[in-house]
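model-v8.pdb (PDB, C-alpha atoms and all ligand atoms)
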ATOM      1  CA  MET A   1      -6.402 126.310  32.083  1.00  0.00           C
ATOM      2  CA  GLU A   2      -9.685 126.117  33.955  1.00  0.00           C
ATOM      3  CA  ASP A   3      -9.242 122.996  35.981  1.00  0.00           C
ATOM      4  CA  ARG A   4      -5.528 122.796  36.593  1.00  0.00           C
ATOM      5  CA  LYS A   5      -4.959 122.353  40.317  1.00  0.00           C
ATOM      6  CA  ALA A   6      -1.876 123.391  42.262  1.00  0.00           C
ATOM      7  CA  ARG A   7      -0.283 120.469  44.094  1.00  0.00           C
ATOM      8  CA  ILE A   8      -0.428 121.038  47.859  1.00  0.00           C
ATOM      9  CA  ALA A   9       1.772 119.346  50.474  1.00  0.00           C
ATOM     10  CA  VAL A  10       0.657 119.767  54.084  1.00  0.00           C
ATOM     11  CA  MET A  11       3.264 119.506  56.834  1.00  0.00           C
ATOM     12  CA  VAL A  12       2.057 118.493  60.300  1.00  0.00           C
ATOM     13  CA  SER A  13       3.281 117.392  63.722  1.00  0.00           C
ATOM     14  CA  GLY A  14       0.166 116.677  65.772  1.00  0.00           C
ATOM     15  CA  GLY A  15      -3.593 116.285  65.850  1.00  0.00           C
ATOM     16  CA  GLY A  16      -4.199 117.715  62.428  1.00  0.00           C
ATOM     17  CA  THR A  17      -7.461 119.602  62.917  1.00  0.00           C
ATOM     18  CA  ASN A  18      -6.206 122.218  60.460  1.00  0.00           C
ATOM     19  CA  LEU A  19      -5.341 119.454  58.005  1.00  0.00           C
ATOM     20  CA  GLN A  20      -8.920 118.191  58.452  1.00  0.00           C
ATOM     21  CA  ALA A  21     -10.236 121.680  57.680  1.00  0.00           C
ATOM     22  CA  LEU A  22      -8.188 121.649  54.454  1.00  0.00           C
ATOM     23  CA  ILE A  23      -9.447 118.183  53.500  1.00  0.00           C
ATOM     24  CA  ASP A  24     -13.056 119.257  54.187  1.00  0.00           C
ATOM     25  CA  ALA A  25     -12.550 122.482  52.219  1.00  0.00           C
ATOM     26  CA  GLN A  26     -11.297 120.484  49.261  1.00  0.00           C
ATOM     27  CA  LYS A  27     -14.412 118.294  49.439  1.00  0.00           C
ATOM     28  CA  SER A  28     -16.805 121.227  49.778  1.00  0.00           C
ATOM     29  CA  GLY A  29     -15.182 123.237  46.989  1.00  0.00           C
ATOM     30  CA  VAL A  30     -13.792 126.064  49.160  1.00  0.00           C
ATOM     31  CA  ILE A  31     -10.448 124.855  47.805  1.00  0.00           C
ATOM     32  CA  LYS A  32     -10.960 124.444  44.082  1.00  0.00           C
ATOM     33  CA  SER A  33      -7.622 125.554  42.658  1.00  0.00           C
ATOM     34  CA  GLY A  34      -5.528 123.088  44.656  1.00  0.00           C
ATOM     35  CA  GLU A  35      -5.299 119.433  45.560  1.00  0.00           C
ATOM     36  CA  ILE A  36      -3.588 117.908  48.607  1.00  0.00           C
ATOM     37  CA  VAL A  37      -1.125 115.364  47.221  1.00  0.00           C
ATOM     38  CA  LEU A  38       1.026 114.701  50.297  1.00  0.00           C
ATOM     39  CA  VAL A  39       0.880 114.942  54.088  1.00  0.00           C
ATOM     40  CA  LEU A  40       4.324 114.972  55.633  1.00  0.00           C
ATOM     41  CA  SER A  41       4.868 114.598  59.375  1.00  0.00           C
ATOM     42  CA  ASN A  42       7.999 114.796  61.504  1.00  0.00           C
ATOM     43  CA  LYS A  43       6.228 112.571  64.068  1.00  0.00           C
ATOM     44  CA  ALA A  44       5.334 108.966  63.245  1.00  0.00           C
ATOM     45  CA  ASP A  45       2.490 108.961  65.799  1.00  0.00           C
ATOM     46  CA  ALA A  46       0.812 112.208  64.685  1.00  0.00           C
ATOM     47  CA  TYR A  47      -2.955 111.687  64.474  1.00  0.00           C
ATOM     48  CA  ALA A  48      -2.885 113.915  61.409  1.00  0.00           C
ATOM     49  CA  LEU A  49      -1.449 110.917  59.502  1.00  0.00           C
ATOM     50  CA  GLU A  50      -4.637 108.946  60.238  1.00  0.00           C
ATOM     51  CA  ARG A  51      -6.732 111.816  58.942  1.00  0.00           C
ATOM     52  CA  ALA A  52      -4.695 111.817  55.725  1.00  0.00           C
ATOM     53  CA  LYS A  53      -5.000 108.046  55.305  1.00  0.00           C
ATOM     54  CA  ASN A  54      -8.765 108.215  55.893  1.00  0.00           C
ATOM     55  CA  ALA A  55      -8.970 110.762  53.090  1.00  0.00           C
ATOM     56  CA  GLY A  56      -6.822 108.613  50.780  1.00  0.00           C
ATOM     57  CA  ILE A  57      -3.909 111.065  50.786  1.00  0.00           C
ATOM     58  CA  LYS A  58      -0.315 109.858  50.552  1.00  0.00           C
ATOM     59  CA  THR A  59       1.710 110.251  53.760  1.00  0.00           C
ATOM     60  CA  ARG A  60       5.399 110.477  54.605  1.00  0.00           C
ATOM     61  CA  VAL A  61       7.226 110.602  57.930  1.00  0.00           C
ATOM     62  CA  VAL A  62      10.586 112.353  58.118  1.00  0.00           C
ATOM     63  CA  SER A  63      11.984 112.213  61.632  1.00  0.00           C
ATOM     64  CA  ARG A  64      14.242 115.038  62.783  1.00  0.00           C
ATOM     65  CA  LYS A  65      15.982 112.662  65.203  1.00  0.00           C
ATOM     66  CA  GLU A  66      16.625 109.933  62.649  1.00  0.00           C
ATOM     67  CA  ALA A  67      17.881 112.455  60.108  1.00  0.00           C
ATOM     68  CA  GLY A  68      20.611 113.527  62.552  1.00  0.00           C
ATOM     69  CA  SER A  69      21.351 117.063  61.367  1.00  0.00           C
ATOM     70  CA  ARG A  70      18.961 119.824  60.358  1.00  0.00           C
ATOM     71  CA  GLU A  71      20.539 119.791  56.877  1.00  0.00           C
ATOM     72  CA  ALA A  72      19.788 116.087  56.452  1.00  0.00           C
ATOM     73  CA  PHE A  73      16.260 116.578  57.848  1.00  0.00           C
ATOM     74  CA  GLU A  74      15.500 119.393  55.409  1.00  0.00           C
ATOM     75  CA  ALA A  75      17.121 117.540  52.503  1.00  0.00           C
ATOM     76  CA  ALA A  76      14.835 114.567  53.175  1.00  0.00           C
ATOM     77  CA  ILE A  77      11.794 116.864  53.348  1.00  0.00           C
ATOM     78  CA  THR A  78      12.797 118.596  50.104  1.00  0.00           C
ATOM     79  CA  ALA A  79      13.242 115.249  48.363  1.00  0.00           C
ATOM     80  CA  ALA A  80       9.753 114.131  49.456  1.00  0.00           C
ATOM     81  CA  LEU A  81       8.209 117.448  48.375  1.00  0.00           C
ATOM     82  CA  GLU A  82       9.947 117.339  45.005  1.00  0.00           C
ATOM     83  CA  GLU A  83       8.945 113.727  44.444  1.00  0.00           C
ATOM     84  CA  ALA A  84       5.326 114.735  45.110  1.00  0.00           C
ATOM     85  CA  GLY A  85       5.644 117.690  42.722  1.00  0.00           C
ATOM     86  CA  ALA A  86       4.544 120.068  45.493  1.00  0.00           C
ATOM     87  CA  GLU A  87       3.822 123.639  44.422  1.00  0.00           C
ATOM     88  CA  LEU A  88       2.422 124.946  47.715  1.00  0.00           C
ATOM     89  CA  ILE A  89       3.521 123.857  51.176  1.00  0.00           C
ATOM     90  CA  VAL A  90       1.030 124.430  53.981  1.00  0.00           C
ATOM     91  CA  LEU A  91       2.398 124.301  57.519  1.00  0.00           C
ATOM     92  CA  ALA A  92      -0.576 123.153  59.603  1.00  0.00           C
ATOM     93  CA  GLY A  93       0.718 122.700  63.134  1.00  0.00           C
ATOM     94  CA  PHE A  94       4.226 121.810  61.942  1.00  0.00           C
ATOM     95  CA  MET A  95       6.360 122.357  65.033  1.00  0.00           C
ATOM     96  CA  CYS A  96       9.877 122.603  63.564  1.00  0.00           C
ATOM     97  CA  ILE A  97      11.607 125.837  62.580  1.00  0.00           C
ATOM     98  CA  LEU A  98      12.822 125.745  58.969  1.00  0.00           C
ATOM     99  CA  SER A  99      16.175 127.224  57.931  1.00  0.00           C
ATOM    100  CA  ALA A 100      16.686 130.211  55.635  1.00  0.00           C
ATOM    101  CA  ASP A 101      18.082 127.815  53.006  1.00  0.00           C
ATOM    102  CA  PHE A 102      14.839 125.872  53.055  1.00  0.00           C
ATOM    103  CA  THR A 103      12.496 128.883  53.048  1.00  0.00           C
ATOM    104  CA  ARG A 104      14.463 130.483  50.165  1.00  0.00           C
ATOM    105  CA  ARG A 105      14.242 127.281  48.148  1.00  0.00           C
ATOM    106  CA  TRP A 106      10.422 127.508  48.422  1.00  0.00           C
ATOM    107  CA  GLU A 107      10.100 131.292  48.360  1.00  0.00           C
ATOM    108  CA  GLY A 108       6.480 132.425  48.115  1.00  0.00           C
ATOM    109  CA  ARG A 109       5.353 128.817  48.250  1.00  0.00           C
ATOM    110  CA  ILE A 110       5.113 128.146  52.008  1.00  0.00           C
ATOM    111  CA  ILE A 111       2.239 129.360  54.176  1.00  0.00           C
ATOM    112  CA  ASN A 112       1.701 128.848  57.909  1.00  0.00           C
ATOM    113  CA  VAL A 113      -1.210 129.194  60.310  1.00  0.00           C
ATOM    114  CA  HIS A 114      -0.363 130.809  63.635  1.00  0.00           C
ATOM    115  CA  PRO A 115      -2.833 130.998  66.537  1.00  0.00           C
ATOM    116  CA  SER A 116      -2.590 134.730  67.346  1.00  0.00           C
ATOM    117  CA  LEU A 117      -2.920 138.079  65.638  1.00  0.00           C
ATOM    118  CA  ILE A 118       0.680 138.586  64.456  1.00  0.00           C
ATOM    119  CA  PRO A 119       2.704 140.620  65.550  1.00  0.00           C
ATOM    120  CA  SER A 120       1.331 139.690  69.012  1.00  0.00           C
ATOM    121  CA  PHE A 121       2.395 136.438  70.671  1.00  0.00           C
ATOM    122  CA  CYS A 122       4.563 135.117  67.864  1.00  0.00           C
ATOM    123  CA  GLY A 123       8.183 134.277  67.121  1.00  0.00           C
ATOM    124  CA  ASP A 124      10.492 131.721  68.714  1.00  0.00           C
ATOM    125  CA  GLY A 125       8.894 129.830  71.611  1.00  0.00           C
ATOM    126  CA  PHE A 126       5.337 130.836  70.692  1.00  0.00           C
ATOM    127  CA  TYR A 127       3.622 127.716  69.440  1.00  0.00           C
ATOM    128  CA  GLY A 128       0.536 125.663  70.260  1.00  0.00           C
ATOM    129  CA  LEU A 129      -0.925 126.168  73.741  1.00  0.00           C
ATOM    130  CA  HIS A 130       1.944 128.492  74.786  1.00  0.00           C
ATOM    131  CA  VAL A 131       0.504 131.177  72.522  1.00  0.00           C
ATOM    132  CA  HIS A 132      -2.851 131.115  74.324  1.00  0.00           C
ATOM    133  CA  GLU A 133      -1.185 130.977  77.759  1.00  0.00           C
ATOM    134  CA  ALA A 134       0.722 134.142  76.836  1.00  0.00           C
ATOM    135  CA  ALA A 135      -2.415 135.894  75.532  1.00  0.00           C
ATOM    136  CA  LEU A 136      -4.339 135.064  78.721  1.00  0.00           C
ATOM    137  CA  SER A 137      -1.532 136.075  81.051  1.00  0.00           C
ATOM    138  CA  TYR A 138      -1.155 139.397  79.205  1.00  0.00           C
ATOM    139  CA  GLY A 139      -4.890 139.931  79.583  1.00  0.00           C
ATOM    140  CA  VAL A 140      -5.791 140.733  75.976  1.00  0.00           C
ATOM    141  CA  LYS A 141      -9.535 140.798  75.276  1.00  0.00           C
ATOM    142  CA  VAL A 142      -9.194 139.951  71.592  1.00  0.00           C
ATOM    143  CA  THR A 143      -6.894 137.414  69.969  1.00  0.00           C
ATOM    144  CA  GLY A 144      -7.227 135.391  66.770  1.00  0.00           C
ATOM    145  CA  ALA A 145      -5.266 133.651  64.055  1.00  0.00           C
ATOM    146  CA  THR A 146      -3.014 134.602  61.156  1.00  0.00           C
ATOM    147  CA  VAL A 147      -2.056 132.895  57.918  1.00  0.00           C
ATOM    148  CA  HIS A 148       1.205 134.219  56.505  1.00  0.00           C
ATOM    149  CA  PHE A 149       3.938 133.407  54.024  1.00  0.00           C
ATOM    150  CA  VAL A 150       6.961 131.772  55.628  1.00  0.00           C
ATOM    151  CA  ASN A 151      10.398 133.340  55.373  1.00  0.00           C
ATOM    152  CA  GLU A 152      13.571 133.057  57.454  1.00  0.00           C
ATOM    153  CA  VAL A 153      12.079 135.134  60.288  1.00  0.00           C
ATOM    154  CA  THR A 154       9.859 133.012  62.574  1.00  0.00           C
ATOM    155  CA  ASP A 155       6.263 134.197  61.963  1.00  0.00           C
ATOM    156  CA  GLY A 156       7.725 137.181  60.061  1.00  0.00           C
ATOM    157  CA  GLY A 157       6.539 136.695  56.473  1.00  0.00           C
ATOM    158  CA  GLU A 158       3.817 138.641  54.695  1.00  0.00           C
ATOM    159  CA  ILE A 159       0.357 138.304  56.227  1.00  0.00           C
ATOM    160  CA  ILE A 160      -2.274 136.783  53.938  1.00  0.00           C
ATOM    161  CA  LEU A 161      -5.359 136.630  56.196  1.00  0.00           C
ATOM    162  CA  GLN A 162      -6.212 137.305  59.838  1.00  0.00           C
ATOM    163  CA  LYS A 163      -9.348 136.825  61.907  1.00  0.00           C
ATOM    164  CA  ALA A 164     -10.070 138.167  65.375  1.00  0.00           C
ATOM    165  CA  VAL A 165     -11.644 136.089  68.175  1.00  0.00           C
ATOM    166  CA  ASP A 166     -12.923 137.346  71.555  1.00  0.00           C
ATOM    167  CA  VAL A 167     -11.334 136.183  74.788  1.00  0.00           C
ATOM    168  CA  GLU A 168     -14.080 135.264  77.251  1.00  0.00           C
ATOM    169  CA  GLU A 169     -14.313 135.472  81.022  1.00  0.00           C
ATOM    170  CA  GLY A 170     -12.993 132.266  82.587  1.00  0.00           C
ATOM    171  CA  ASP A 171     -11.103 131.119  79.464  1.00  0.00           C
ATOM    172  CA  THR A 172      -8.329 128.566  79.955  1.00  0.00           C
ATOM    173  CA  PRO A 173      -5.582 128.112  77.352  1.00  0.00           C
ATOM    174  CA  GLU A 174      -7.503 125.050  76.160  1.00  0.00           C
ATOM    175  CA  THR A 175     -10.909 126.745  75.759  1.00  0.00           C
ATOM    176  CA  LEU A 176      -9.278 129.705  74.036  1.00  0.00           C
ATOM    177  CA  GLN A 177      -7.289 127.446  71.721  1.00  0.00           C
ATOM    178  CA  ARG A 178     -10.465 125.641  70.703  1.00  0.00           C
ATOM    179  CA  ARG A 179     -12.366 128.885  70.019  1.00  0.00           C
ATOM    180  CA  VAL A 180      -9.485 130.309  67.971  1.00  0.00           C
ATOM    181  CA  MET A 181      -9.385 127.118  65.923  1.00  0.00           C
ATOM    182  CA  GLU A 182     -13.153 126.956  65.356  1.00  0.00           C
ATOM    183  CA  GLN A 183     -13.752 130.644  64.706  1.00  0.00           C
ATOM    184  CA  ALA A 184     -10.542 131.538  62.903  1.00  0.00           C
ATOM    185  CA  GLU A 185      -7.924 128.928  61.926  1.00  0.00           C
ATOM    186  CA  TRP A 186     -10.221 126.402  60.273  1.00  0.00           C
ATOM    187  CA  ILE A 187     -11.775 129.196  58.203  1.00  0.00           C
ATOM    188  CA  ILE A 188      -8.820 131.330  57.155  1.00  0.00           C
ATOM    189  CA  LEU A 189      -6.339 128.528  56.436  1.00  0.00           C
ATOM    190  CA  PRO A 190      -8.414 126.931  53.634  1.00  0.00           C
ATOM    191  CA  LYS A 191      -9.309 130.407  52.288  1.00  0.00           C
ATOM    192  CA  ALA A 192      -5.662 131.468  52.190  1.00  0.00           C
ATOM    193  CA  ALA A 193      -4.633 128.150  50.599  1.00  0.00           C
ATOM    194  CA  GLU A 194      -7.222 128.716  47.867  1.00  0.00           C
ATOM    195  CA  MET A 195      -6.025 132.293  47.321  1.00  0.00           C
ATOM    196  CA  VAL A 196      -2.401 131.198  46.856  1.00  0.00           C
ATOM    197  CA  CYS A 197      -3.317 128.155  44.731  1.00  0.00           C
ATOM    198  CA  GLY A 198      -5.407 130.452  42.535  1.00  0.00           C
ATOM    199  CA  ARG A 199      -2.388 132.685  42.000  1.00  0.00           C
ATOM    200  CA  ILE A 200      -0.200 129.658  41.217  1.00  0.00           C
ATOM    201  CA  VAL A 201      -2.554 128.191  38.615  1.00  0.00           C
ATOM    202  CA  ARG A 202      -3.029 131.618  37.029  1.00  0.00           C
ATOM    203  CA  GLY A 203       0.754 131.969  36.923  1.00  0.00           C
ATOM    204  CA  GLU A 204       0.783 135.141  39.000  1.00  0.00           C
ATOM    205  CA  GLN A 205       3.660 136.405  41.073  1.00  0.00           C
ATOM    206  CA  GLU A 206       3.370 135.798  44.814  1.00  0.00           C
ATOM    207  CA  GLY A 207       3.565 138.759  47.178  1.00  0.00           C
ATOM    208  CA  ARG A 208       6.437 139.943  49.374  1.00  0.00           C
ATOM    209  CA  GLN A 209       7.927 137.144  51.478  1.00  0.00           C
TER
HETATM  210  C1  LIG B   1      -2.823 125.096  65.725  1.00  0.00           C
HETATM  211  O1  LIG B   1      -3.448 125.873  66.704  1.00  0.00           O
HETATM  212  C2  LIG B   1      -1.801 125.925  64.954  1.00  0.00           C
HETATM  213  O2  LIG B   1      -2.209 127.234  64.747  1.00  0.00           O
HETATM  214  C3  LIG B   1      -0.642 125.867  65.897  1.00  0.00           C
HETATM  215  O3  LIG B   1      -0.618 124.540  66.365  1.00  0.00           O
HETATM  216  C4  LIG B   1      -1.956 124.021  66.367  1.00  0.00           C
HETATM  217  C5  LIG B   1      -1.976 122.721  65.597  1.00  0.00           C
HETATM  218  O4  LIG B   1      -3.210 122.081  65.718  1.00  0.00           O
HETATM  219  N1  LIG B   1       0.592 126.227  65.222  1.00  0.00           N
HETATM  220  C6  LIG B   1       1.554 126.937  65.785  1.00  0.00           C
HETATM  221  O5  LIG B   1       1.545 127.275  66.957  1.00  0.00           O
HETATM  222  C7  LIG B   1       2.713 127.290  64.867  1.00  0.00           C
HETATM  223  N2  LIG B   1       3.519 128.318  65.431  1.00  0.00           N
HETATM  224  P1  LIG B   1      -3.690 120.967  64.684  1.00  0.00           P
HETATM  225  O6  LIG B   1      -2.585 119.909  64.601  1.00  0.00           O
HETATM  226  O7  LIG B   1      -4.944 120.402  65.308  1.00  0.00           O
HETATM  227  O8  LIG B   1      -3.941 121.619  63.366  1.00  0.00           O
END

Here is the file; what I need is its structure written in the form of structure tokens.
Amino acid sequence: MEDRKARIAVMVSGGGTNLQALIDAQKSGVIKSGEIVLVLSNKADAYALERAKNAGIKTRVVSRKEAGSREAFEAAITAALEEAGAELIVLAGFMCILSADFTRRWEGRIINVHPSLIPSFCGDGFYGLHVHEAALSYGVKVTGATVHFVNEVTDGGEIILQKAVDVEEGDTPETLQRRVMEQAEWIILPKAAEMVCGRIVRGEQEGRQ
């Protein structure tokens, strides 16, 4: 069917600039095969929730602390995703590691944006600004961003899109983070979301996990 849209849930923990890129891409038509139906945060004070509300998107907060155990946390997330009828889960700065039980439940249906060229500067402990600190202290001249499917290995699932970004003389972790977002993340995340939504609405099989 021409205009069926895959139902997208975006999971966030912070500022939500990648969420904003997805919202803008939906408005501009870059995302045409999907529709964001839920923004779920593990932090009640995440600015991303404001961005969702401003765009008229339903929000949910599921706190890891209040849930108690990881099982209870993931069960609450799954319930919210199921209630929303989510077909694609986009991790956009979601700073919790998900268990193998969770990733298997949503096999081929979770994508993540990571701020480096995987397999560099990724895996446990590499998130947010730490990734750019590590890239600068190693001295790489090129870094970038990756969108990949999520499996039980942190940052280990199949790569969907990558984009390289130059490191510049005098970069700080903050200036590098900003350039990687502007030149890579905000472009490849919406593109990858559209690619996967397209496959979902056409009923195609997703790739390797
Ligand atoms: C982004 O740079 C994203 O790639 C990174 O956190 C930032 C979230 O920013 N994610 C990870 O490091 C995941 N391992 P945002 O809230 O403004 O989108």

Distance table requested - chain A against ligand LIG 1 (chain B), cut-off 10 Å, all atoms listed in the file: one row per qualifying residue with the closest atom pair and its distance in Å to one decimal, ordered by chain and rising residue number, as a Markdown table.
| residue | atom | partner | partner_atom | distance |
| --- | --- | --- | --- | --- |
| A:Met11 | CA | B:LIG1 | O6 | 9.7 |
| A:Val12 | CA | B:LIG1 | O6 | 6.5 |
| A:Ser13 | CA | B:LIG1 | O6 | 6.4 |
| A:Gly14 | CA | B:LIG1 | O6 | 4.4 |
| A:Gly15 | CA | B:LIG1 | O6 | 4.0 |
| A:Gly16 | CA | B:LIG1 | O6 | 3.5 |
| A:Thr17 | CA | B:LIG1 | O7 | 3.6 |
| A:Asn18 | CA | B:LIG1 | O8 | 3.7 |
| A:Leu19 | CA | B:LIG1 | O8 | 5.9 |
| A:Gln20 | CA | B:LIG1 | O8 | 7.8 |
| A:Ala21 | CA | B:LIG1 | O8 | 8.5 |
| A:Leu22 | CA | B:LIG1 | O8 | 9.9 |
| A:Ala46 | CA | B:LIG1 | O6 | 8.4 |
| A:Tyr47 | CA | B:LIG1 | O6 | 8.2 |
| A:Ala48 | CA | B:LIG1 | O6 | 6.8 |
| A:Leu91 | CA | B:LIG1 | C7 | 7.9 |
| A:Ala92 | CA | B:LIG1 | O8 | 5.3 |
| A:Gly93 | CA | B:LIG1 | C5 | 3.7 |
| A:Phe94 | CA | B:LIG1 | C7 | 6.4 |
| A:Met95 | CA | B:LIG1 | C7 | 6.1 |
| A:Cys96 | CA | B:LIG1 | C7 | 8.7 |
| A:Ile97 | CA | B:LIG1 | N2 | 8.9 |
| A:Asn112 | CA | B:LIG1 | C7 | 7.2 |
| A:Val113 | CA | B:LIG1 | O2 | 5.0 |
| A:His114 | CA | B:LIG1 | O2 | 4.2 |
| A:Pro115 | CA | B:LIG1 | O2 | 4.2 |
| A:Ser116 | CA | B:LIG1 | O2 | 7.9 |
| A:Phe121 | CA | B:LIG1 | N2 | 9.7 |
| A:Cys122 | CA | B:LIG1 | N2 | 7.3 |
| A:Gly123 | CA | B:LIG1 | N2 | 7.8 |
| A:Asp124 | CA | B:LIG1 | N2 | 8.4 |
| A:Gly125 | CA | B:LIG1 | N2 | 8.3 |
| A:Phe126 | CA | B:LIG1 | N2 | 6.1 |
| A:Tyr127 | CA | B:LIG1 | O5 | 3.3 |
| A:Gly128 | CA | B:LIG1 | O5 | 3.8 |
| A:Leu129 | CA | B:LIG1 | O5 | 7.3 |
| A:His130 | CA | B:LIG1 | O5 | 7.9 |
| A:Val131 | CA | B:LIG1 | O5 | 6.9 |
| A:His132 | CA | B:LIG1 | O1 | 9.3 |
| A:Gly144 | CA | B:LIG1 | O2 | 9.8 |
| A:Ala145 | CA | B:LIG1 | O2 | 7.1 |
| A:Thr146 | CA | B:LIG1 | O2 | 8.2 |
| A:Val147 | CA | B:LIG1 | O2 | 8.9 |
| A:Thr154 | CA | B:LIG1 | N2 | 8.4 |
| A:Asp155 | CA | B:LIG1 | N2 | 7.4 |
| A:Gln177 | CA | B:LIG1 | O1 | 6.5 |
| A:Arg178 | CA | B:LIG1 | O1 | 8.1 |
| A:Arg179 | CA | B:LIG1 | O1 | 10.0 |
| A:Val180 | CA | B:LIG1 | O1 | 7.6 |
| A:Met181 | CA | B:LIG1 | O1 | 6.1 |
| A:Glu182 | CA | B:LIG1 | O1 | 9.9 |
| A:Ala184 | CA | B:LIG1 | O2 | 9.6 |
| A:Glu185 | CA | B:LIG1 | O2 | 6.6 |
| A:Trp186 | CA | B:LIG1 | O8 | 8.5 |
| A:Leu189 | CA | B:LIG1 | O2 | 9.4 |

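Across the model, the gap from atom CA of Leu81 of chain A to atom CA of Arg64 of chain A is 15.8 Å.
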
Residues of segment 105-143 of chain A that have any atom at most 10 Å from an atom of segment 193-196 of chain A: could you tabulate them with the shortest-distance atom pair and the distance in Å to one decimal, using only C-alpha atoms, ordered by chain and increasing number, as JSON lines?
{"residue": "A:Gly108", "atom": "CA", "partner": "A:Val196", "partner_atom": "CA", "distance": 9.1}
{"residue": "A:Arg109", "atom": "CA", "partner": "A:Val196", "partner_atom": "CA", "distance": 8.2}
{"residue": "A:Ile110", "atom": "CA", "partner": "A:Val196", "partner_atom": "CA", "distance": 9.6}
{"residue": "A:Ile111", "atom": "CA", "partner": "A:Ala193", "partner_atom": "CA", "distance": 7.8}
{"residue": "A:Asn112", "atom": "CA", "partner": "A:Ala193", "partner_atom": "CA", "distance": 9.7}

Compile the contact shell of Arg104 of chain A as a PDB file with C-alpha atoms, keeping the file's coordinate frame: residues with an atom at most 9 Å away, counting all atoms listed in the file, same-chain residues fewer than 5 positions apart removed.
ATOM      1  CA  SER A  99      16.175 127.224  57.931  1.00  0.00           C
ATOM      2  CA  ASN A 151      10.398 133.340  55.373  1.00  0.00           C
ATOM      3  CA  GLU A 152      13.571 133.057  57.454  1.00  0.00           C
TER       4      GLU A 152
END

Can you pull out the residues contacting Cys197 of chain A? Cut-off 8 Å, using all atoms listed in the file, and skip same-chain residues under 5 positions away; I want them as a ChimeraX atom specification. /A:5-6,33-34,88

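For the file at hand, the PyMOL selection byres (((chain A and resi 9) around 7) and not hetatm) resolves to Arg7, Ile8, Val10, Met11, Ile36, Val37, Leu38, Val39, Ala86, Leu88, Ile89 and Val90 of chain A.
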
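One finds atom CA of Gly198 of chain A at 11.6 Å from atom CA of Val30 of chain A.
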
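Between atom CA of Glu74 of chain A and atom CA of Ala44 of chain A there is a distance of 16.5 Å.
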
Nearest candidate to Glu107 of chain A (options A:Gln162, A:Lys32, A:Ser41, A:Gly157; using only C-alpha atoms): A:Gly157

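Remark: for Asp166 of chain A, the closest of the candidate residues A:Ala79, A:Val150, A:Ala135, A:Ile187 is A:Ala135 (distances computed over only C-alpha atoms).
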
Closest of A:Leu161, A:Ile200, A:Leu136, A:Ala192 to Thr175 of chain A - atom-to-atom distances counting only C-alpha atoms: A:Leu136

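Candidate residues A:Glu158, A:Glu35, A:Asp171, A:Glu133 were compared for distance to Ala84 of chain A, and the nearest is A:Glu35, using all atoms listed in the file.
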
Enclose all atoms of segment 47-58 of chain A listed in the file in an axis-aligned box, grow every side by 5 Å, and hand back centre and edge lengths in Å to one decimal, as JSON.
{"center_x": -4.6, "center_y": 111.0, "center_z": 57.5, "size_x": 18.7, "size_y": 15.9, "size_z": 23.9}
